[in-house]
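For reference, structure.cif (mmCIF, C-alpha atoms):
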data_run
#
loop_
_atom_site.group_PDB
_atom_site.id
_atom_site.type_symbol
_atom_site.label_atom_id
_atom_site.label_comp_id
_atom_site.auth_asym_id
_atom_site.auth_seq_id
_atom_site.Cartn_x
_atom_site.Cartn_y
_atom_site.Cartn_z
ATOM 1 C CA MET L 1 -30.669 -12.497 1.499
ATOM 2 C CA HIS L 2 -27.360 -14.391 1.644
ATOM 3 C CA GLU L 3 -26.457 -17.603 -0.103
ATOM 4 C CA ASP L 4 -24.468 -18.971 2.853
ATOM 5 C CA GLU L 5 -27.130 -18.624 5.490
ATOM 6 C CA ASP L 6 -27.574 -21.172 8.293
ATOM 7 C CA GLU L 7 -30.878 -22.303 9.717
ATOM 8 C CA ILE L 8 -31.196 -22.028 13.509
ATOM 9 C CA HIS L 9 -33.362 -24.124 15.786
ATOM 10 C CA PHE L 10 -33.617 -23.730 19.553
ATOM 11 C CA ASP L 11 -32.722 -26.572 21.884
ATOM 12 C CA GLU L 12 -35.946 -27.684 23.567
ATOM 13 C CA ASP L 13 -34.125 -28.342 26.868
ATOM 14 C CA ILE L 14 -32.922 -24.747 26.967
ATOM 15 C CA VAL L 15 -36.420 -23.457 26.377
ATOM 16 C CA GLN L 16 -38.049 -25.707 28.981
ATOM 17 C CA ASN L 17 -35.533 -24.790 31.674
ATOM 18 C CA ALA L 18 -35.667 -21.034 30.989
ATOM 19 C CA LYS L 19 -37.027 -18.813 33.758
ATOM 20 C CA PRO L 20 -40.242 -16.875 33.053
ATOM 21 C CA ASN L 21 -38.411 -13.624 32.481
ATOM 22 C CA ILE L 22 -38.452 -11.488 29.343
ATOM 23 C CA CYS L 23 -34.661 -11.118 29.604
ATOM 24 C CA VAL L 24 -34.346 -14.871 29.110
ATOM 25 C CA LEU L 25 -36.284 -14.630 25.868
ATOM 26 C CA PHE L 26 -33.982 -11.904 24.578
ATOM 27 C CA ILE L 27 -30.878 -13.849 25.568
ATOM 28 C CA LEU L 28 -32.093 -16.975 23.760
ATOM 29 C CA ILE L 29 -32.595 -14.972 20.571
ATOM 30 C CA ILE L 30 -29.081 -13.622 20.766
ATOM 31 C CA LEU L 31 -27.645 -17.074 21.506
ATOM 32 C CA ALA L 32 -29.328 -18.319 18.340
ATOM 33 C CA SER L 33 -27.291 -15.820 16.369
ATOM 34 C CA PHE L 34 -24.050 -16.450 18.257
ATOM 35 C CA SER L 35 -24.271 -20.203 17.738
ATOM 36 C CA THR L 36 -22.925 -19.897 14.185
ATOM 37 C CA ILE L 37 -21.114 -16.583 14.405
ATOM 38 C CA LEU L 38 -17.715 -18.242 13.923
ATOM 39 C CA VAL L 39 -18.920 -19.932 10.761
ATOM 40 C CA SER L 40 -21.025 -17.203 9.244
ATOM 41 C CA SER L 41 -21.779 -13.611 10.179
ATOM 42 C CA GLN L 42 -25.406 -14.036 9.129
ATOM 43 C CA SER L 43 -27.914 -16.567 10.410
ATOM 44 C CA ILE L 44 -31.532 -17.347 9.596
ATOM 45 C CA VAL L 45 -33.677 -17.768 12.721
ATOM 46 C CA THR L 46 -36.587 -20.096 11.992
ATOM 47 C CA SER L 47 -38.178 -20.321 15.440
ATOM 48 C CA LEU L 48 -38.387 -18.373 18.679
ATOM 49 C CA PRO L 49 -39.078 -19.542 22.230
ATOM 50 C CA GLY L 50 -42.599 -18.620 23.178
ATOM 51 C CA TYR L 51 -43.996 -18.961 19.658
ATOM 52 C CA PRO L 52 -45.538 -22.253 18.496
ATOM 53 C CA GLY L 53 -44.191 -23.551 15.223
ATOM 54 C CA PRO L 54 -41.887 -22.027 12.627
ATOM 55 C CA LEU L 55 -41.867 -18.283 12.099
ATOM 56 C CA PRO L 56 -44.123 -17.204 9.216
ATOM 57 C CA PHE L 57 -41.624 -14.557 8.101
ATOM 58 C CA LYS L 58 -37.916 -14.449 7.271
ATOM 59 C CA LEU L 59 -35.756 -13.309 10.204
ATOM 60 C CA GLU L 60 -32.029 -12.859 9.724
ATOM 61 C CA THR L 61 -29.543 -11.738 12.380
ATOM 62 C CA GLY L 62 -25.835 -11.199 12.337
ATOM 63 C CA TYR L 63 -22.845 -8.888 12.430
ATOM 64 C CA ILE L 64 -21.317 -6.684 9.751
ATOM 65 C CA GLY L 65 -17.834 -5.286 10.335
ATOM 66 C CA VAL L 66 -17.271 -1.617 9.414
ATOM 67 C CA GLY L 67 -14.594 1.015 9.878
ATOM 68 C CA GLU L 68 -10.839 0.588 9.901
ATOM 69 C CA ASP L 69 -9.951 -3.101 10.031
ATOM 70 C CA GLU L 70 -13.688 -3.711 10.633
ATOM 71 C CA ALA L 71 -13.073 -2.938 14.299
ATOM 72 C CA VAL L 72 -16.721 -1.920 14.685
ATOM 73 C CA GLN L 73 -19.070 -4.914 14.572
ATOM 74 C CA LEU L 74 -22.667 -3.789 14.048
ATOM 75 C CA PHE L 75 -25.422 -6.211 15.046
ATOM 76 C CA TYR L 76 -28.695 -6.270 13.149
ATOM 77 C CA TYR L 77 -32.036 -8.013 12.748
ATOM 78 C CA PHE L 78 -33.502 -8.159 9.243
ATOM 79 C CA VAL L 79 -37.153 -9.002 8.644
ATOM 80 C CA GLU L 80 -38.197 -9.500 5.058
ATOM 81 C CA SER L 81 -41.472 -7.878 4.063
ATOM 82 C CA GLU L 82 -44.484 -10.141 4.441
ATOM 83 C CA GLY L 83 -46.047 -8.395 1.461
ATOM 84 C CA ASN L 84 -43.948 -8.080 -1.696
ATOM 85 C CA PRO L 85 -40.267 -8.079 -0.661
ATOM 86 C CA ASP L 86 -39.010 -7.223 -4.150
ATOM 87 C CA GLU L 87 -41.276 -4.188 -4.505
ATOM 88 C CA ASP L 88 -41.753 -3.009 -0.904
ATOM 89 C CA PRO L 89 -39.421 -0.331 0.495
ATOM 90 C CA LEU L 90 -36.464 -0.971 2.765
ATOM 91 C CA ILE L 91 -36.484 0.721 6.187
ATOM 92 C CA ILE L 92 -33.498 0.908 8.498
ATOM 93 C CA TRP L 93 -34.502 1.427 12.127
ATOM 94 C CA LEU L 94 -32.051 3.065 14.522
ATOM 95 C CA ALA L 95 -33.150 3.170 18.143
ATOM 96 C CA GLY L 96 -30.822 5.995 19.127
ATOM 97 C CA GLY L 97 -28.958 6.062 22.377
ATOM 98 C CA PRO L 98 -26.858 6.097 24.217
ATOM 99 C CA GLY L 99 -27.100 2.345 24.542
ATOM 100 C CA CYS L 100 -30.593 1.724 23.188
ATOM 101 C CA GLY L 101 -30.843 -1.573 21.325
ATOM 102 C CA THR L 102 -33.389 -2.248 18.591
ATOM 103 C CA LEU L 103 -34.752 -5.442 20.160
ATOM 104 C CA ARG L 104 -37.317 -3.284 21.953
ATOM 105 C CA ALA L 105 -38.586 -2.011 18.601
ATOM 106 C CA PHE L 106 -38.860 -5.600 17.381
ATOM 107 C CA PHE L 107 -41.238 -6.595 20.199
ATOM 108 C CA PHE L 108 -42.853 -3.371 21.414
ATOM 109 C CA GLU L 109 -42.955 -0.907 18.524
ATOM 110 C CA ILE L 110 -42.919 -1.831 14.823
ATOM 111 C CA GLY L 111 -41.802 -5.473 14.708
ATOM 112 C CA PRO L 112 -43.681 -8.589 13.590
ATOM 113 C CA MET L 113 -43.942 -10.096 17.095
ATOM 114 C CA GLN L 114 -45.458 -8.944 20.378
ATOM 115 C CA LEU L 115 -45.765 -10.391 23.859
ATOM 116 C CA LYS L 116 -48.951 -12.032 25.084
ATOM 117 C CA TYR L 117 -48.959 -10.384 28.475
ATOM 118 C CA GLY L 118 -49.634 -12.808 31.317
ATOM 119 C CA SER L 119 -49.182 -15.854 29.064
ATOM 120 C CA TYR L 120 -46.273 -18.280 29.023
ATOM 121 C CA MET L 121 -45.218 -21.170 26.842
ATOM 122 C CA ASP L 122 -42.607 -23.611 28.140
ATOM 123 C CA ASN L 123 -41.816 -21.200 30.974
ATOM 124 C CA VAL L 124 -40.982 -18.220 28.746
ATOM 125 C CA PRO L 125 -43.245 -15.307 27.783
ATOM 126 C CA ALA L 126 -45.611 -16.309 24.988
ATOM 127 C CA LEU L 127 -45.356 -14.502 21.663
ATOM 128 C CA GLN L 128 -47.952 -13.672 19.060
ATOM 129 C CA LEU L 129 -47.904 -12.027 15.646
ATOM 130 C CA ASP L 130 -48.525 -8.285 15.500
ATOM 131 C CA PRO L 131 -51.210 -7.587 12.873
ATOM 132 C CA ASN L 132 -50.055 -3.959 12.663
ATOM 133 C CA SER L 133 -46.374 -4.670 12.093
ATOM 134 C CA TRP L 134 -44.552 -2.443 9.648
ATOM 135 C CA THR L 135 -43.109 -5.615 8.146
ATOM 136 C CA LYS L 136 -46.485 -6.191 6.508
ATOM 137 C CA VAL L 137 -45.551 -3.525 3.955
ATOM 138 C CA ALA L 138 -41.784 -3.064 4.233
ATOM 139 C CA ASN L 139 -38.447 -4.819 4.570
ATOM 140 C CA ILE L 140 -36.898 -3.667 7.850
ATOM 141 C CA ILE L 141 -33.352 -3.735 9.191
ATOM 142 C CA TYR L 142 -33.180 -3.106 12.937
ATOM 143 C CA LEU L 143 -29.610 -1.887 13.459
ATOM 144 C CA ASP L 144 -27.827 -1.588 16.803
ATOM 145 C CA ALA L 145 -25.945 1.625 16.023
ATOM 146 C CA PRO L 146 -23.823 3.519 16.908
ATOM 147 C CA THR L 147 -21.193 1.128 18.176
ATOM 148 C CA LEU L 148 -21.706 -0.261 21.710
ATOM 149 C CA THR L 149 -25.454 0.166 21.235
ATOM 150 C CA GLY L 150 -27.409 -3.002 21.958
ATOM 151 C CA TYR L 151 -25.286 -5.994 20.920
ATOM 152 C CA SER L 152 -22.868 -4.125 18.663
ATOM 153 C CA TYR L 153 -19.279 -4.078 19.880
ATOM 154 C CA THR L 154 -15.741 -3.041 18.992
ATOM 155 C CA THR L 155 -12.541 -5.051 18.826
ATOM 156 C CA THR L 156 -10.299 -2.132 19.849
ATOM 157 C CA PRO L 157 -10.648 0.598 22.510
ATOM 158 C CA ASP L 158 -10.143 3.395 19.956
ATOM 159 C CA ALA L 159 -13.056 2.157 17.829
ATOM 160 C CA ALA L 160 -15.404 2.630 20.790
ATOM 161 C CA HIS L 161 -15.269 6.417 20.346
ATOM 162 C CA SER L 162 -17.990 7.616 17.987
ATOM 163 C CA SER L 163 -19.808 10.720 16.767
ATOM 164 C CA ASP L 164 -22.849 11.487 14.619
ATOM 165 C CA THR L 165 -20.612 11.818 11.555
ATOM 166 C CA GLU L 166 -18.717 8.598 12.235
ATOM 167 C CA SER L 167 -21.931 6.735 12.991
ATOM 168 C CA ALA L 168 -23.499 7.935 9.722
ATOM 169 C CA ALA L 169 -20.416 6.795 7.795
ATOM 170 C CA GLN L 170 -20.446 3.421 9.544
ATOM 171 C CA THR L 171 -24.155 2.940 8.865
ATOM 172 C CA ALA L 172 -23.617 3.805 5.197
ATOM 173 C CA GLU L 173 -20.780 1.272 5.015
ATOM 174 C CA PHE L 174 -22.993 -1.297 6.716
ATOM 175 C CA MET L 175 -25.659 -0.838 4.056
ATOM 176 C CA ARG L 176 -23.198 -1.075 1.180
ATOM 177 C CA LYS L 177 -21.874 -4.348 2.564
ATOM 178 C CA GLU L 178 -25.315 -5.673 3.449
ATOM 179 C CA GLN L 179 -27.321 -4.889 0.334
ATOM 180 C CA GLY L 180 -25.918 -1.963 -1.627
ATOM 181 C CA LEU L 181 -29.094 0.038 -0.926
ATOM 182 C CA ALA L 182 -27.676 2.876 1.163
ATOM 183 C CA ASP L 183 -28.726 5.482 -1.407
ATOM 184 C CA VAL L 184 -32.384 5.083 -0.369
ATOM 185 C CA LEU L 185 -31.847 5.651 3.320
ATOM 186 C CA GLY L 186 -32.541 9.354 3.622
ATOM 187 C CA PRO L 187 -30.802 12.631 4.424
ATOM 188 C CA VAL L 188 -28.456 11.398 7.160
ATOM 189 C CA ILE L 189 -26.877 8.430 5.395
ATOM 190 C CA GLY L 190 -27.400 9.629 1.813
ATOM 191 C CA PRO L 191 -24.715 12.364 1.913
ATOM 192 C CA GLU L 192 -22.184 9.889 3.279
ATOM 193 C CA VAL L 193 -22.862 7.584 0.334
ATOM 194 C CA GLU L 194 -22.381 10.464 -2.094
ATOM 195 C CA LYS L 195 -19.059 11.379 -0.464
ATOM 196 C CA LYS L 196 -17.815 7.814 -0.811
ATOM 197 C CA GLU L 197 -18.855 7.652 -4.453
ATOM 198 C CA GLU L 198 -17.195 11.019 -5.218
ATOM 199 C CA SER L 199 -14.021 9.839 -3.491
ATOM 200 C CA LYS L 200 -13.985 6.688 -5.608
ATOM 201 C CA SER L 201 -14.458 8.658 -8.847
ATOM 202 C CA LEU L 202 -11.553 10.984 -7.968
ATOM 203 C CA ASN L 203 -9.279 8.035 -7.286
#
Can you turn what I pasted into structure tokens?
Amino acid sequence: MHEDEDEIHFDEDIVQNAKPNICVLFILIILASFSTILVSSQSIVTSLPGYPGPLPFKLETGYIGVGEDEAVQLFYYFVESEGNPDEDPLIIWLAGGPGCGTLRAFFFEIGPMQLKYGSYMDNVPALQLDPNSWTKVANIIYLDAPTLTGYSYTTTPDAAHSSDTESAAQTAEFMRKEQGLADVLGPVIGPEVEKKEESKSLN
């Protein structure tokens, strides 16, 4: 998805010393993304604690800056379709709010992984593939939006204020910067894309 992507591997000592708590698993995933955030805003995650071996699907995480001076930093997880990525549709998943991150959707709703309840591997909850994942037939971006949702953040106090309109504009900008596919994202984001294009044509 990006030419300058970095491969991420988890430190075995961190995994072995982790407490058997689902929060630990989530934190380790985020740390995998943060480990190269100063070098690149996108990272490829090739393994997860609790799952044996490399992941059988492409998982990308990172931040995309939007808004004035990119003061809003939106965090996302991207899972490439396990079917036909070039032909399958793109879905952007917003968990809503206030404050609801999309990591829950990744593990408990439509994502490619699920917990093996009551099972642990190296002291963290064991993971297994979800045979009913939406990623079997679609490319999915799990986006922590609006700002301050999940792991998204702002660099200025003023940028922390948001609204449905601002969030739609920020999500549209995110998609233009991420893939240029915002025009397929439906009635909420679509009009914002059209406004931007009209504004460009007038200028």
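Atom CA of Glu60 of chain L is found 13.7 Å from atom CA of Leu74 of chain L.
Distance annotation: of L:Asn132, L:Ser162, L:Thr155, L:Thr171, the residue with the minimal separation from Asp69 of chain L is L:Thr155; atom set is only C-alpha atoms.
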Between L:Ile44, L:Ala159, L:Leu143, L:Leu148, which is the closest to Leu103 of chain L once you count all atoms listed in the file? L:Leu143
Contacts of Ala71 of chain L within 12 Å, only C-alpha atoms, excl. fewer than 3 positions in-chain, as a PDB file with C-alpha atoms, keeping the file's coordinate frame:
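Saved file result.pdb follows:
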ATOM      1  CA  TYR L  63     -22.845  -8.888  12.430  1.00  0.00           C
ATOM      2  CA  ILE L  64     -21.317  -6.684   9.751  1.00  0.00           C
ATOM      3  CA  GLY L  65     -17.834  -5.286  10.335  1.00  0.00           C
ATOM      4  CA  VAL L  66     -17.271  -1.617   9.414  1.00  0.00           C
ATOM      5  CA  GLY L  67     -14.594   1.015   9.878  1.00  0.00           C
ATOM      6  CA  GLU L  68     -10.839   0.588   9.901  1.00  0.00           C
ATOM      7  CA  LEU L  74     -22.667  -3.789  14.048  1.00  0.00           C
ATOM      8  CA  THR L 147     -21.193   1.128  18.176  1.00  0.00           C
ATOM      9  CA  LEU L 148     -21.706  -0.261  21.710  1.00  0.00           C
ATOM     10  CA  SER L 152     -22.868  -4.125  18.663  1.00  0.00           C
ATOM     11  CA  TYR L 153     -19.279  -4.078  19.880  1.00  0.00           C
ATOM     12  CA  THR L 154     -15.741  -3.041  18.992  1.00  0.00           C
ATOM     13  CA  THR L 155     -12.541  -5.051  18.826  1.00  0.00           C
ATOM     14  CA  THR L 156     -10.299  -2.132  19.849  1.00  0.00           C
ATOM     15  CA  PRO L 157     -10.648   0.598  22.510  1.00  0.00           C
ATOM     16  CA  ASP L 158     -10.143   3.395  19.956  1.00  0.00           C
ATOM     17  CA  ALA L 159     -13.056   2.157  17.829  1.00  0.00           C
ATOM     18  CA  ALA L 160     -15.404   2.630  20.790  1.00  0.00           C
ATOM     19  CA  HIS L 161     -15.269   6.417  20.346  1.00  0.00           C
ATOM     20  CA  GLN L 170     -20.446   3.421   9.544  1.00  0.00           C
TER      21      GLN L 170
END
Using Å and a single decimal, report how far atom CA of Ser43 of chain L sits from atom CA of Ser167 of chain L.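 For atom CA of Ser167 of chain L relative to atom CA of Ser43 of chain L, the distance reads 24.2 Å.
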Could you state which residues are captured by the PyMOL selection byres ((chain L and resi 114) around 7) in this file, as JSON, numbers by chain? {"L": [107, 108, 113, 115, 116, 127, 128, 129, 130]}
Nearest to Tyr76 of chain L among L:Leu48, L:Ile141, L:Ile91, L:Val124, with distances taken over only C-alpha atoms: which residue is it?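 Closest to Tyr76 of chain L of all the choices is L:Ile141.
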As a check of understanding: the span from atom CA of Asp144 of chain L to atom CA of Phe106 of chain L is 11.8 Å
When distances are computed from all atoms listed in the file, which of L:Gly101, L:Ile92, L:Thr149, L:Met121 shows the smallest separation from Met175 of chain L?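 Distance minimum relative to Met175 of chain L lands on L:Ile92.
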Return the single residue from L:Glu82, L:Glu166, L:Glu178, L:Asp88 that is closest to Pro131 of chain L, with distances computed using all atoms listed in the file.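 Among L:Glu82, L:Glu166, L:Glu178, L:Asp88, it is L:Glu82 that comes nearest to Pro131 of chain L.
Proximity ranking of L:Val72, L:Tyr142, L:Leu94, L:Leu59 relative to Val45 of chain L places L:Leu59 first, based on only C-alpha atoms.
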Might I get the box with edges along x, y and z of the file that holds all atoms of segment 64-68 of chain L listed there, padded by 8 Å on every side, given as centre and edge lengths in Å to one decimal, as AutoDock Vina command-line options?
--center_x -16.1 --center_y -2.8 --center_z 9.9 --size_x 26.5 --size_y 23.7 --size_z 16.9
